[in-house]
Amino acid sequence: MIDTKHVIRQMVDFQKTAFNASFNTIKTVQTRTEKAMDIFVNQAFWIPEEWKGAYVNWSKACNTGFNAFKKNVDEGFEKIESYVSQN
């Protein structure tokens with residue numbers, strides 16, 4: 001007979017690993033793109049300072065949202081793992 005808890009635990013582990021790998025890849029791309037944009041914005045003399053400030057605020061908001069998303073997904077995985085281990 002198949003142990004359902006074991007199968008579910010394997011599925012959750014697979015999903016968690018896949019999410020973390022994808023998230024880390026996207027985070028790396030986002031970080032490198034942000035660095036390239038920082039260089040561009042700082043070297044572009046024709047961009048007004050208030051636009052540069054808007055870019056900085058936008059970049060911070062993106063990072064805040066990105067980190068909040070990761071935190072929420074991690075909390076979801078923790079809830080699933082605790083539910084599976086209880087039953």
# chains A, B, ... in the order shown; residues from 1 in each chain; ligands from 1
>>> residues_around(residues="Met37 in chain A", least_positions_apart="4", cutoff="12 Å", atoms="only C-alpha atoms", output="list in words")
Gln30, Thr31, Arg32, Thr33, Val41, Asn42, Gln43, Ala44, Lys52, Tyr55, Val56, Trp58 and Ser59 of chain A
>>> closest_residue(among="A:Ile8, A:Phe23, A:Ile2, A:Glu50", to="Phe69 in chain A", atoms="only C-alpha atoms")
A:Phe23
>>> closest_residue(among="A:Phe40, A:Ile47, A:Val84, A:Lys79", to="Gln10 in chain A", atoms="only C-alpha atoms")
A:Val84
>>> closest_residue(among="A:Ala68, A:Gln86, A:Asn63, A:Thr4", to="Glu34 in chain A", atoms="only C-alpha atoms")
A:Asn63
>>> atom_distance(atom1="CA of Ile80 in chain A", atom2="CA of Arg9 in chain A")
9.1 Å
